[in-house]
Each structure stands twice: as C-alpha cells, then as structure tokens.
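S.K.: For reference, the structure I am asking about is given below.
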Amino acid sequence: MPRAAFPVRRFRAAGPCGTRHPPWAYAERMSTHSGRRQIAGLPHWDRCAVMGVVNVTPDSFSDGGRWFDTSTAVKHGLDLVAQGADLVDVGGESTRPGATRVDEAEELRRVIPVVRGLAAEGVTVSVDTMRASVAEQSLAAGAALVNDVSGGLADPAMIGVVAAAGAPFVVMHWRGFLEGGNVRGVYEDVVAEVAEELHARVEAVLEGGIAADRVIVDPGLGFSKDAEHDLALLARLDRLLGLGHPLLVAASRKRFLGRVLAGPDAPPPPARERDAATAAVSALSARAGAWAVRVHEVRASADAVRVVRAIQEARPDDDPTSPEHGAEGAR
C-alpha cells in the first residue's frame with residue numbers, strides 16, 4: 001500500500017498502565033466538547049466557530065478572481081464578519097489539484113495588505129499559507145492564527161516561526177503537493193491512517209516548540225482523498241477528536257459534495273451551487289464537536305452552528321445521548 005512520503009512515527013501516548021494506544025482510543029472517554037476547548041491566543045466561542053474564506057487568488061477552485069485586489073478582498077472579509085464569521089482565513093495561493101505555486105514575492109504582495117486591513121478593523125485573521133516568510137510577516141501585520149495545509153512539511157522553517165511568535169497553528173493532514181492530481185490517495189483504512197499521520201505531525205509540531213494549547217488539527221478533506229474517503233472521515237470525526245486537539249473541518253464547496261449531489265451518473269454541480277450541502281456538513285461537524293468550520297458562504301453555516309448549539313442547550317444535563325456525555329457523545 002502506498003504510504004505517506006514522510007516518515008510516520010508510531011504512537012507515543014500511553015494509557016494509565018503504561019500501555020500504548022492508537023490516538024483515537026481516548027475518544028471513548030472524552031467529551032466531544034474537547035474539540036471546542038480554549039485555544040490560547042484566540043477568542044473563545046461557546047459553539048462551533050465559523051471561519052470565512054477570503055481567497056486573494058485568480059485561480060481558486062471556488063471563487064478565483066472575485067476578491068483578487070486588496071480593497072475588494074478586505075471588503076469581502078468584513079462582509080463575511082457581518083454575515084456571522086467569527087474569524088477570516090486569508091490565502092494568496094490556490095491549493096486546488098493541479099494549481100501552480102505562486103512565488104514568494106507574489107504571495108506576500110497578495111496577502112499582507114489584506115491581513116493588515118482586516119486586522120486593523122478588529123477582525124480575527126487566519127493566514128492560509130505554506131511559507132514561513134508569509135506566516136511571519138502576516139503575524140507581524142496582525143494575523144492571529146497560521147493555517148498551513150502542509151502541517152509544516154512544505155517549509156522546514158514554518159514550525160520555528162510559529163513557535164517563536166507563540167501563534168496557534170492548524171496542522172492539516174497532507175501527503176504532498178497536488179500538481180499531479182490526487183497524490184497518494186490510496187488507503188486501507190482512511191480514518192485510522194489519517195489519524196495516525198496527523199498524530200505524527202502533531203508530535204513533530206510539539207517537539208518544534210509550538211504549545212499544545214495552540215495546536216488545531218484538520219483532516220484535509222479533498223487533499224489526496226476521494227469522495228468516499230472524505231465521507232468516511234466526516235462519519236468518524238470522533239476518532240480525530242480523540243487526538244486531543246481542537247478540530248477544524250474544511251468541507252466547503254469541495255468536489256466530494258458535488259459527487260454526492262450529482263449522484264452516480266450526472267456531472268457535479270458548480271462549486272458555488274454546493275453551499276447548502278456545505279451548511280449540512282457544518283451542522284454535522286458542530287454536532288460532532290468540531291472547533292470550527294471553514295466556509296466560503298458564511299450565513300447558512302453561521303445559522304447552522306447556532307441552531308446546533310441551541311438544540312444542545314435544550315437537552316437535559318443528564319441526557320445520555322447528549323454530546324456533552326463523553327462516551328456516548330463520542331461514539
């Protein structure tokens with residue numbers, strides 16, 4: 001079976017008697033609210049947060065070119081906040097399969113003025129980048145969070161930069177650049193393998209100096225994964241919560257939703273026609289205990305996570321089916 005291009009260390013976490021367990025073994029005795037625990041350096045939300053997306057790119061799969069200049073991108077970010085976004089993720093490089101990487105200078109030119117403009121308006125800003133230099137300058141410009149789809153693998157300097165800044169860091173499951181399409185998207189057990197590989201990356205990040213209370217994990221839906229892989233991961237978010245870190249789910253408008261909506265024989269609908277499906281995933285992720293969902297169209301997902309929270313609050317405290325009850329909620 002093809003494996004990740006990077007070494008995967010075995011599980012180090014030990015049980016109460018010194019026995020070693022896979023990372024998801026702890027899910028059985030953890031509340032799903034562990035996925036929403038306080039992240040040092042960020043505001044605290046008592047429900048699943050909504051991360052709005054601002055792509056300052058001409059070639060994003062979803063909205064490439066619509067927010068490409070600085071003033072339009074800043075306005076769009078402020079509009080997302082007005083629609084219910086809790087934080088805004090700014091990216092200057094498309095990571096869609098087959099996309100060509102932009103050079104460092106161009107990524108900086110796209111991203112830094114937008115980060116600075118949004119931060120000046122009081123927006124909690126995340127920077128979506130695989131480059132340490134872009135992360136460093138974005139943090140200096142007011143970004144609060146670094147969202148690296150490579151989990152620190154694309155740029156060896158990334159972990160050190162984030163650790164030195166004391167910033168929160170999103171560690172996404174990643175098996176390499178996608179210029180050639182769906183790289184190494186072969187799994188025997190996608191849930192177990194993604195959890196294992198994420199666990200290894202989290203260990204590397206912690207060893208690199210990033211504090212445990214500043215680490216967020218992301219299963220990397222659509223990255224080296226087919227539709228059935230993405231659906232399997234969404235069906236077992238409890239295993240990813242078992243890693244013990246807040247969970248970001250980024251399903252917005254992705255191709256697996258298009259495949260679901262189209263059925264077996266029809267072509268998938270365009271990306272911007274997948275927002276209702278995205279909101280459904282947002283609701284399910286919130287119910288499962290995700291810390292945040294990353295979405296392009298904010299209002300529907302913002303409504304969805306608030307409804308989920310209201311329903312959870314309406315449950316009696318002693319309801320065994322409530323997600324606040326660890327074993328049952330993490331089933």
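Note on naming: chains are A, B, ... as they come in the structure tokens, residues start from 1 per chain, ligands start from 1 in the order shown.
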Running DSSP on the backbone, which parts of region 142-242 of chain A land in alpha helix (DSSP H), as a PyMOL selection string?

M.R.: chain A and resi 158-165+190-207+227-235+237-241

S.K.: Please dump the current selection as a short mmCIF file (atom, residue, chain, number, x, y, z; two decimals), in the first residue's frame; keep N, CA and C atoms.

M.R.:
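Contents of the output file result-v4.cif:
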data_model
loop_
_atom_site.label_atom_id
_atom_site.label_comp_id
_atom_site.auth_asym_id
_atom_site.auth_seq_id
_atom_site.Cartn_x
_atom_site.Cartn_y
_atom_site.Cartn_z
N MET A 158 8.77 26.70 8.98
CA MET A 158 7.45 27.12 9.43
C MET A 158 7.24 26.90 10.93
N ILE A 159 7.55 25.74 11.42
CA ILE A 159 7.25 25.44 12.82
C ILE A 159 8.02 26.38 13.74
N GLY A 160 9.27 26.64 13.42
CA GLY A 160 10.06 27.55 14.24
C GLY A 160 9.51 28.95 14.25
N VAL A 161 9.05 29.42 13.11
CA VAL A 161 8.47 30.76 13.02
C VAL A 161 7.22 30.87 13.88
N VAL A 162 6.34 29.88 13.77
CA VAL A 162 5.10 29.91 14.53
C VAL A 162 5.38 29.77 16.02
N ALA A 163 6.30 28.89 16.38
CA ALA A 163 6.65 28.72 17.79
C ALA A 163 7.22 30.00 18.37
N ALA A 164 8.10 30.68 17.62
CA ALA A 164 8.70 31.92 18.12
C ALA A 164 7.66 33.01 18.32
N ALA A 165 6.65 33.01 17.47
CA ALA A 165 5.59 34.02 17.58
C ALA A 165 4.55 33.67 18.64
N VAL A 190 -8.90 4.68 5.81
CA VAL A 190 -8.59 6.10 5.72
C VAL A 190 -8.68 6.79 7.08
N VAL A 191 -9.64 6.41 7.90
CA VAL A 191 -9.80 7.08 9.20
C VAL A 191 -8.60 6.78 10.09
N ALA A 192 -8.22 5.51 10.17
CA ALA A 192 -7.09 5.13 11.01
C ALA A 192 -5.79 5.74 10.51
N GLU A 193 -5.60 5.74 9.19
CA GLU A 193 -4.34 6.24 8.64
C GLU A 193 -4.23 7.76 8.76
N VAL A 194 -5.33 8.47 8.53
CA VAL A 194 -5.29 9.93 8.69
C VAL A 194 -5.04 10.29 10.15
N ALA A 195 -5.70 9.58 11.08
CA ALA A 195 -5.47 9.85 12.50
C ALA A 195 -4.02 9.58 12.87
N GLU A 196 -3.46 8.49 12.36
CA GLU A 196 -2.08 8.14 12.67
C GLU A 196 -1.11 9.18 12.12
N GLU A 197 -1.32 9.59 10.87
CA GLU A 197 -0.40 10.55 10.26
C GLU A 197 -0.55 11.94 10.87
N LEU A 198 -1.76 12.31 11.24
CA LEU A 198 -1.95 13.58 11.95
C LEU A 198 -1.26 13.54 13.31
N HIS A 199 -1.39 12.42 14.00
CA HIS A 199 -0.74 12.27 15.30
C HIS A 199 0.76 12.48 15.18
N ALA A 200 1.37 11.91 14.14
CA ALA A 200 2.81 12.07 13.94
C ALA A 200 3.17 13.53 13.69
N ARG A 201 2.35 14.23 12.90
CA ARG A 201 2.63 15.64 12.64
C ARG A 201 2.47 16.48 13.90
N VAL A 202 1.46 16.18 14.69
CA VAL A 202 1.27 16.93 15.94
C VAL A 202 2.48 16.73 16.84
N GLU A 203 2.99 15.51 16.93
CA GLU A 203 4.20 15.27 17.73
C GLU A 203 5.36 16.12 17.24
N ALA A 204 5.52 16.20 15.92
CA ALA A 204 6.61 16.99 15.35
C ALA A 204 6.45 18.47 15.66
N VAL A 205 5.22 18.93 15.59
CA VAL A 205 4.94 20.34 15.88
C VAL A 205 5.22 20.65 17.35
N LEU A 206 4.80 19.76 18.23
CA LEU A 206 5.05 19.97 19.65
C LEU A 206 6.55 19.95 19.95
N GLU A 207 7.25 19.01 19.33
CA GLU A 207 8.69 18.94 19.53
C GLU A 207 9.40 20.17 18.97
N ALA A 227 -13.93 10.97 -2.84
CA ALA A 227 -15.19 11.28 -2.15
C ALA A 227 -15.48 10.29 -1.03
N GLU A 228 -15.24 9.01 -1.27
CA GLU A 228 -15.54 8.03 -0.22
C GLU A 228 -14.64 8.22 1.00
N HIS A 229 -13.41 8.67 0.78
CA HIS A 229 -12.51 8.94 1.90
C HIS A 229 -13.02 10.11 2.73
N ASP A 230 -13.42 11.20 2.04
CA ASP A 230 -13.92 12.38 2.75
C ASP A 230 -15.16 12.04 3.57
N LEU A 231 -16.07 11.27 2.98
CA LEU A 231 -17.30 10.91 3.70
C LEU A 231 -16.99 10.03 4.90
N ALA A 232 -16.05 9.11 4.75
CA ALA A 232 -15.68 8.25 5.87
C ALA A 232 -15.09 9.06 7.02
N LEU A 233 -14.28 10.06 6.69
CA LEU A 233 -13.69 10.90 7.74
C LEU A 233 -14.77 11.71 8.45
N LEU A 234 -15.71 12.26 7.69
CA LEU A 234 -16.79 13.02 8.32
C LEU A 234 -17.67 12.13 9.19
N ALA A 235 -17.80 10.88 8.81
CA ALA A 235 -18.62 9.95 9.59
C ALA A 235 -17.94 9.56 10.91
N LEU A 237 -15.62 11.67 12.86
CA LEU A 237 -14.89 12.79 13.44
C LEU A 237 -14.50 12.52 14.89
N ASP A 238 -15.22 11.60 15.55
CA ASP A 238 -14.87 11.28 16.93
C ASP A 238 -13.45 10.74 17.04
N ARG A 239 -12.99 10.00 16.05
CA ARG A 239 -11.62 9.48 16.11
C ARG A 239 -10.61 10.62 16.01
N LEU A 240 -10.91 11.62 15.22
CA LEU A 240 -10.00 12.75 15.09
C LEU A 240 -10.04 13.62 16.35
N LEU A 241 -11.20 13.74 16.96
CA LEU A 241 -11.28 14.42 18.26
C LEU A 241 -10.48 13.69 19.31
#

S.K.: If we count only C-alpha atoms, what is near region 303-305 of chain A at a cut-off of 8 Å, once residues fewer than 3 positions away on the same chain are taken out, given as a list of chain:residue names?

M.R.: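 Listed by chain and then number, they are A:Arg47, A:Cys48, A:Ala49, A:Ala279, A:Ala280, A:Ser282, A:Ala283, A:Ala286, A:Arg299, A:Ala300, A:Val308, A:Arg309.
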
S.K.: Write the selection just made, keeping N, CA and C atoms, as a compact mmCIF listing (two decimals), in the first residue's frame?

M.R.:
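Below is the file result-v7.txt, written as the result:
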# COMPACT_ATOMS: atom_id res chain seq x y z
N ARG A 47 -19.56 27.66 21.01
CA ARG A 47 -20.15 26.80 19.97
C ARG A 47 -19.10 26.63 18.89
N CYS A 48 -19.41 25.84 17.89
CA CYS A 48 -18.53 25.69 16.74
C CYS A 48 -18.35 27.05 16.06
N ALA A 49 -17.13 27.50 15.88
CA ALA A 49 -16.85 28.77 15.23
C ALA A 49 -16.97 28.64 13.72
N ALA A 279 -23.44 23.72 4.30
CA ALA A 279 -24.09 24.04 5.58
C ALA A 279 -24.53 22.78 6.30
N ALA A 280 -24.93 21.76 5.55
CA ALA A 280 -25.29 20.48 6.18
C ALA A 280 -24.08 19.87 6.89
N SER A 282 -21.55 21.56 7.97
CA SER A 282 -21.26 22.43 9.11
C SER A 282 -22.09 22.03 10.31
N ALA A 283 -23.37 21.76 10.10
CA ALA A 283 -24.23 21.35 11.21
C ALA A 283 -23.76 20.02 11.80
N ALA A 286 -20.52 20.57 13.74
CA ALA A 286 -20.80 21.23 15.02
C ALA A 286 -21.37 20.23 16.01
N ARG A 299 -23.28 32.78 5.84
CA ARG A 299 -24.54 32.95 6.56
C ARG A 299 -25.22 31.63 6.90
N ALA A 300 -25.31 30.72 5.93
CA ALA A 300 -26.02 29.46 6.19
C ALA A 300 -25.29 28.63 7.25
N VAL A 308 -27.51 24.30 16.09
CA VAL A 308 -26.98 23.12 16.78
C VAL A 308 -26.72 23.43 18.24
N ARG A 309 -26.12 24.57 18.50
CA ARG A 309 -25.83 24.95 19.89
C ARG A 309 -27.11 25.11 20.70

S.K.: Kindly give the distance, in Å, that separates CA of Glu104 (chain A) and CA of Ala250 (chain A), rounded to a single decimal.

M.R.: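 Rounded to one decimal, the two atoms are 24.6 Å apart.
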
S.K.: Quick one: residues within 6 Å of region 135-140 of chain A, only C-alpha atoms counted, chain neighbours fewer than 3 positions away excluded, as a ChimeraX atom specification?

M.R.: /A:112,132,143

S.K.: What does the distance between CA of Arg306 (chain A) and CA of Lys75 (chain A) come to in Å, to one decimal place?

M.R.: 24.4 Å

S.K.: Quick one: pull the distance between CA of Pro156 (chain A) and CA of Ala144 (chain A), Å, one decimal.

M.R.: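 Those two atoms sit 20.7 Å apart.
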
S.K.: Where in region 129-329 of chain A does DSSP assign strand (DSSP E or B), given as a PDB file with N, CA and C atoms, in the first residue's frame?

M.R.:
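File produced: result_5.pdb:
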ATOM      1  N   LEU A 145      -3.535  33.591  13.674  1.00  0.00           N
ATOM      2  CA  LEU A 145      -3.526  32.139  13.502  1.00  0.00           C
ATOM      3  C   LEU A 145      -2.859  31.812  12.177  1.00  0.00           C
ATOM      4  N   VAL A 146      -2.076  30.722  12.136  1.00  0.00           N
ATOM      5  CA  VAL A 146      -1.479  30.237  10.893  1.00  0.00           C
ATOM      6  C   VAL A 146      -2.145  28.921  10.518  1.00  0.00           C
ATOM      7  N   ASN A 147      -2.680  28.874   9.310  1.00  0.00           N
ATOM      8  CA  ASN A 147      -3.373  27.701   8.787  1.00  0.00           C
ATOM      9  C   ASN A 147      -2.535  27.149   7.635  1.00  0.00           C
ATOM     10  N   ASP A 148      -1.753  26.111   7.911  1.00  0.00           N
ATOM     11  CA  ASP A 148      -0.816  25.558   6.936  1.00  0.00           C
ATOM     12  C   ASP A 148      -1.338  24.209   6.464  1.00  0.00           C
ATOM     13  N   PHE A 169      -1.662  27.194  15.547  1.00  0.00           N
ATOM     14  CA  PHE A 169      -1.232  26.580  14.279  1.00  0.00           C
ATOM     15  C   PHE A 169      -2.177  25.454  13.906  1.00  0.00           C
ATOM     16  N   VAL A 170      -2.698  25.497  12.673  1.00  0.00           N
ATOM     17  CA  VAL A 170      -3.533  24.414  12.153  1.00  0.00           C
ATOM     18  C   VAL A 170      -2.636  23.389  11.472  1.00  0.00           C
ATOM     19  N   VAL A 171      -2.696  22.153  11.937  1.00  0.00           N
ATOM     20  CA  VAL A 171      -1.952  21.042  11.358  1.00  0.00           C
ATOM     21  C   VAL A 171      -2.919  20.225  10.512  1.00  0.00           C
ATOM     22  N   MET A 172      -2.790  20.324   9.201  1.00  0.00           N
ATOM     23  CA  MET A 172      -3.682  19.582   8.314  1.00  0.00           C
ATOM     24  C   MET A 172      -3.020  18.292   7.862  1.00  0.00           C
ATOM     25  N   VAL A 215      -2.458  24.139  19.208  1.00  0.00           N
ATOM     26  CA  VAL A 215      -2.480  23.232  18.063  1.00  0.00           C
ATOM     27  C   VAL A 215      -3.915  22.857  17.713  1.00  0.00           C
ATOM     28  N   ILE A 216      -4.253  22.979  16.443  1.00  0.00           N
ATOM     29  CA  ILE A 216      -5.562  22.614  15.882  1.00  0.00           C
ATOM     30  C   ILE A 216      -5.303  21.574  14.805  1.00  0.00           C
ATOM     31  N   VAL A 217      -6.166  20.586  14.668  1.00  0.00           N
ATOM     32  CA  VAL A 217      -5.981  19.576  13.626  1.00  0.00           C
ATOM     33  C   VAL A 217      -7.097  19.666  12.592  1.00  0.00           C
ATOM     34  N   ASP A 218      -6.764  19.252  11.370  1.00  0.00           N
ATOM     35  CA  ASP A 218      -7.673  19.329  10.227  1.00  0.00           C
ATOM     36  C   ASP A 218      -7.456  18.059   9.404  1.00  0.00           C
ATOM     37  N   LEU A 247     -10.617  20.684  16.530  1.00  0.00           N
ATOM     38  CA  LEU A 247     -10.738  20.163  15.167  1.00  0.00           C
ATOM     39  C   LEU A 247     -11.348  21.204  14.239  1.00  0.00           C
ATOM     40  N   LEU A 248     -10.674  21.462  13.129  1.00  0.00           N
ATOM     41  CA  LEU A 248     -11.183  22.320  12.057  1.00  0.00           C
ATOM     42  C   LEU A 248     -11.651  21.436  10.917  1.00  0.00           C
ATOM     43  N   VAL A 249     -12.877  21.672  10.430  1.00  0.00           N
ATOM     44  CA  VAL A 249     -13.416  20.920   9.298  1.00  0.00           C
ATOM     45  C   VAL A 249     -13.592  21.876   8.127  1.00  0.00           C
ATOM     46  N   ALA A 292     -14.246  24.449  14.696  1.00  0.00           N
ATOM     47  CA  ALA A 292     -14.640  25.427  13.681  1.00  0.00           C
ATOM     48  C   ALA A 292     -14.870  24.744  12.348  1.00  0.00           C
ATOM     49  N   VAL A 293     -15.648  25.408  11.509  1.00  0.00           N
ATOM     50  CA  VAL A 293     -15.815  25.007  10.111  1.00  0.00           C
ATOM     51  C   VAL A 293     -15.318  26.156   9.243  1.00  0.00           C
ATOM     52  N   ARG A 294     -14.667  25.819   8.156  1.00  0.00           N
ATOM     53  CA  ARG A 294     -14.104  26.803   7.230  1.00  0.00           C
ATOM     54  C   ARG A 294     -14.987  26.825   5.982  1.00  0.00           C
ATOM     55  N   VAL A 295     -15.599  27.976   5.689  1.00  0.00           N
ATOM     56  CA  VAL A 295     -16.604  28.028   4.629  1.00  0.00           C
ATOM     57  C   VAL A 295     -16.451  29.286   3.782  1.00  0.00           C
TER      58      VAL A 295
END

S.K.: For each of A:Leu243, A:Leu221, A:Val307, A:Val81, take the minimum atom-to-atom distance to Val123 (chain A), counting only C-alpha atoms, then give the residue where this is smallest.

M.R.: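 Ranked by minimum distance to Val123 (chain A), first place goes to A:Val81.
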
S.K.: Please determine, counting only C-alpha atoms, which residue among A:Ser252, A:Gly166, A:Leu261, A:Val186 has the shortest atom-to-atom distance to His296 (chain A).

M.R.: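 So, comparing all the options, the nearest one is A:Ser252.
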
S.K.: Report as a PDB file with C-alpha atoms, in the first residue's frame all protein, DNA and RNA residues lying within 10 Å of Thr70 (chain A), evaluated on only C-alpha atoms, omitting residues in the same chain fewer than 4 positions from it.

M.R.:
ATOM      1  CA  VAL A  56      -6.788  36.572  -2.834  1.00  0.00           C
ATOM      2  CA  VAL A  74     -10.829  43.483   2.674  1.00  0.00           C
ATOM      3  CA  LYS A  75     -14.430  44.468   1.967  1.00  0.00           C
ATOM      4  CA  HIS A  76     -15.332  40.839   1.363  1.00  0.00           C
ATOM      5  CA  ARG A 109       2.019  41.044  -2.263  1.00  0.00           C
ATOM      6  CA  ARG A 110      -1.414  39.458  -2.282  1.00  0.00           C
ATOM      7  CA  VAL A 111      -1.750  38.555   1.374  1.00  0.00           C
ATOM      8  CA  ILE A 112      -0.067  41.099   3.637  1.00  0.00           C
ATOM      9  CA  PRO A 113      -2.166  44.190   2.762  1.00  0.00           C
ATOM     10  CA  VAL A 114      -5.377  42.186   3.209  1.00  0.00           C
ATOM     11  CA  VAL A 115      -4.274  40.774   6.577  1.00  0.00           C
ATOM     12  CA  GLY A 117      -6.507  45.817   6.514  1.00  0.00           C
TER      13      GLY A 117
END

S.K.: Rank A:Ser133, A:Gly208, A:Thr124, A:Glu297 by their smallest atom-to-atom distance to Pro43 (chain A), using only C-alpha atoms, and report the top residue only.

M.R.: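 Of A:Ser133, A:Gly208, A:Thr124, A:Glu297, the one nearest Pro43 (chain A), counting only C-alpha atoms, is A:Thr124.
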
S.K.: Give me, as a VMD selection string, all polymer residues having an atom no more than 8 Å from Asp89 (chain A), counting only C-alpha atoms and skipping those fewer than 2 positions away in the same chain.

M.R.: chain A and resid 51 to 54 87 91 125 to 128 147

S.K.: Between A:Ile311, A:Ala105, A:Ala276, A:Ala167, single out the one closest to Val298 (chain A), counting only C-alpha atoms.

M.R.: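 Of A:Ile311, A:Ala105, A:Ala276, A:Ala167, the one nearest Val298 (chain A) is A:Ala276, counting only C-alpha atoms.
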